[in-house]
Amino acid sequence: MRFVVDGMLGGLARWLRMLGYATEYDSKADDNILLRNSQTPDTVLLTRDEELYNRALAKRIHSVLVLGDTEEARLGQLARTLGISLDIDMASTRCPECGGELHEISKEEASSVVPAKSLDLYDRFWRCSNARCGKTYWVGSHWKQIRHTLEEARTIATQEEKNTAC
């Protein structure tokens, strides 16, 4: 499954990439481009725009009208409606910035771009394979917040499932 995400959902695009999903996001893409890029069978258009959602449905394009006001709610909705996984696997995660594949690099390779304190605290580093991006990542202190967000999203997905079963 791959995603095309409208300009109002940039944060969600980053999360989907971290979760390992191929995600196309261009904040400047107009509706016609989004619709055209969503026409393959394995692609889902994600939008907050009701008019775009209805146009996609009329063209038989798989789409989701994203309703939540928080990333947790949005991720929870997608987990419930599309069955996406809310677990990050560093072997398949993608660059949150550009969607490029990440590959593990040595501490030495990371030393020119990673703060010295992070080099002292952490042993594993990943770099985006996209030459125009090339960002470097590591599982640092910010992962506590990432885990919390994903746990909240799982809770929301589960609560929504319970509410629909009633």
# chains A, B, ... in the order shown; residues from 1 in each chain; ligands from 1

$ select_by_dssp --residues "stretch 37-105 of chain A" --states "strand (DSSP E or B)" --output "list in words"
Thr43, Val44, Leu45, Leu46, Thr47, Ser63, Val64, Leu65, Arg94, Glu101, Leu102, His103, Glu104 and Ile105 of chain A

$ residues_around --residues "stretch 104-120 of chain A" --least-positions-apart "5" --cutoff "8 Å" --atoms "only C-alpha atoms" --output "list of chain:residue names"
A:Phe125, A:Trp126, A:Arg127, A:Thr136, A:Gly140

$ closest_residue --among "A:Ala73, A:Leu86, A:Val5, A:Leu67" --to "A:Asp30" --atoms "only C-alpha atoms"
A:Val5

$ select_by_dssp --residues "stretch 98-156 of chain A" --states "helix (DSSP H, G or I)" --output "list in words"
Lys107, Glu108, Glu109, Ala110, Ala116, Lys117, Ser118, Leu119, Asp120, Leu121, Trp143, Lys144, Gln145, Ile146, Arg147, His148, Thr149, Leu150, Glu151, Glu152, Ala153, Arg154, Thr155 and Ile156 of chain A

$ write_last_selection --atoms "N, CA and C atoms" --output "PDB file, in the first residue's frame"
ATOM      1  N   LYS A 107      29.117   4.738  13.086  1.00  0.00           N
ATOM      2  CA  LYS A 107      29.275   5.906  13.950  1.00  0.00           C
ATOM      3  C   LYS A 107      30.261   6.895  13.317  1.00  0.00           C
ATOM      4  N   GLU A 108      31.296   6.369  12.700  1.00  0.00           N
ATOM      5  CA  GLU A 108      32.297   7.215  12.056  1.00  0.00           C
ATOM      6  C   GLU A 108      31.672   8.027  10.918  1.00  0.00           C
ATOM      7  N   GLU A 109      30.829   7.370  10.113  1.00  0.00           N
ATOM      8  CA  GLU A 109      30.162   8.078   9.016  1.00  0.00           C
ATOM      9  C   GLU A 109      29.220   9.159   9.538  1.00  0.00           C
ATOM     10  N   ALA A 110      28.623   8.913  10.688  1.00  0.00           N
ATOM     11  CA  ALA A 110      27.667   9.865  11.263  1.00  0.00           C
ATOM     12  C   ALA A 110      28.365  11.015  11.968  1.00  0.00           C
ATOM     13  N   ALA A 116      28.110  15.736  19.013  1.00  0.00           N
ATOM     14  CA  ALA A 116      29.042  14.895  19.779  1.00  0.00           C
ATOM     15  C   ALA A 116      28.344  14.169  20.924  1.00  0.00           C
ATOM     16  N   LYS A 117      27.449  14.855  21.625  1.00  0.00           N
ATOM     17  CA  LYS A 117      26.734  14.226  22.745  1.00  0.00           C
ATOM     18  C   LYS A 117      25.927  13.020  22.272  1.00  0.00           C
ATOM     19  N   SER A 118      25.281  13.148  21.114  1.00  0.00           N
ATOM     20  CA  SER A 118      24.504  12.028  20.563  1.00  0.00           C
ATOM     21  C   SER A 118      25.416  10.882  20.148  1.00  0.00           C
ATOM     22  N   LEU A 119      26.586  11.216  19.638  1.00  0.00           N
ATOM     23  CA  LEU A 119      27.550  10.167  19.289  1.00  0.00           C
ATOM     24  C   LEU A 119      27.983   9.398  20.531  1.00  0.00           C
ATOM     25  N   ASP A 120      28.099  10.104  21.653  1.00  0.00           N
ATOM     26  CA  ASP A 120      28.485   9.451  22.909  1.00  0.00           C
ATOM     27  C   ASP A 120      27.358   8.565  23.447  1.00  0.00           C
ATOM     28  N   LEU A 121      26.106   9.009  23.263  1.00  0.00           N
ATOM     29  CA  LEU A 121      24.963   8.309  23.863  1.00  0.00           C
ATOM     30  C   LEU A 121      24.407   7.166  23.015  1.00  0.00           C
ATOM     31  N   TRP A 143      12.511   9.627  20.853  1.00  0.00           N
ATOM     32  CA  TRP A 143      11.744   8.405  20.641  1.00  0.00           C
ATOM     33  C   TRP A 143      10.733   8.147  21.750  1.00  0.00           C
ATOM     34  N   LYS A 144      10.928   8.711  22.893  1.00  0.00           N
ATOM     35  CA  LYS A 144       9.924   8.576  23.958  1.00  0.00           C
ATOM     36  C   LYS A 144       8.607   9.188  23.490  1.00  0.00           C
ATOM     37  N   GLN A 145       8.671  10.371  22.864  1.00  0.00           N
ATOM     38  CA  GLN A 145       7.476  11.031  22.350  1.00  0.00           C
ATOM     39  C   GLN A 145       6.893  10.270  21.157  1.00  0.00           C
ATOM     40  N   ILE A 146       7.746   9.738  20.308  1.00  0.00           N
ATOM     41  CA  ILE A 146       7.272   8.952  19.163  1.00  0.00           C
ATOM     42  C   ILE A 146       6.497   7.735  19.650  1.00  0.00           C
ATOM     43  N   ARG A 147       7.050   7.021  20.604  1.00  0.00           N
ATOM     44  CA  ARG A 147       6.368   5.844  21.160  1.00  0.00           C
ATOM     45  C   ARG A 147       5.041   6.226  21.810  1.00  0.00           C
ATOM     46  N   HIS A 148       5.034   7.345  22.514  1.00  0.00           N
ATOM     47  CA  HIS A 148       3.812   7.824  23.175  1.00  0.00           C
ATOM     48  C   HIS A 148       2.730   8.135  22.134  1.00  0.00           C
ATOM     49  N   THR A 149       3.096   8.823  21.071  1.00  0.00           N
ATOM     50  CA  THR A 149       2.142   9.157  20.013  1.00  0.00           C
ATOM     51  C   THR A 149       1.552   7.891  19.402  1.00  0.00           C
ATOM     52  N   LEU A 150       2.386   6.913  19.109  1.00  0.00           N
ATOM     53  CA  LEU A 150       1.905   5.676  18.505  1.00  0.00           C
ATOM     54  C   LEU A 150       1.023   4.883  19.474  1.00  0.00           C
ATOM     55  N   GLU A 151       1.367   4.896  20.752  1.00  0.00           N
ATOM     56  CA  GLU A 151       0.533   4.214  21.744  1.00  0.00           C
ATOM     57  C   GLU A 151      -0.836   4.878  21.850  1.00  0.00           C
ATOM     58  N   GLU A 152      -0.865   6.212  21.840  1.00  0.00           N
ATOM     59  CA  GLU A 152      -2.147   6.938  21.850  1.00  0.00           C
ATOM     60  C   GLU A 152      -2.968   6.593  20.609  1.00  0.00           C
ATOM     61  N   ALA A 153      -2.317   6.517  19.458  1.00  0.00           N
ATOM     62  CA  ALA A 153      -3.010   6.173  18.215  1.00  0.00           C
ATOM     63  C   ALA A 153      -3.593   4.764  18.294  1.00  0.00           C
ATOM     64  N   ARG A 154      -2.855   3.827  18.872  1.00  0.00           N
ATOM     65  CA  ARG A 154      -3.362   2.459  19.042  1.00  0.00           C
ATOM     66  C   ARG A 154      -4.594   2.455  19.950  1.00  0.00           C
ATOM     67  N   THR A 155      -4.535   3.241  21.023  1.00  0.00           N
ATOM     68  CA  THR A 155      -5.666   3.336  21.945  1.00  0.00           C
ATOM     69  C   THR A 155      -6.889   3.900  21.232  1.00  0.00           C
ATOM     70  N   ILE A 156      -6.689   4.950  20.456  1.00  0.00           N
ATOM     71  CA  ILE A 156      -7.796   5.564  19.711  1.00  0.00           C
ATOM     72  C   ILE A 156      -8.384   4.569  18.715  1.00  0.00           C
TER      73      ILE A 156
END

$ atom_distance --atom1 "atom CA of A:Ile33" --atom2 "atom CA of A:Val64"
16.7 Å

$ closest_residue --among "A:Asp42, A:Asp69, A:Asp123, A:Glu24" --to "A:Pro96" --atoms "only C-alpha atoms"
A:Glu24
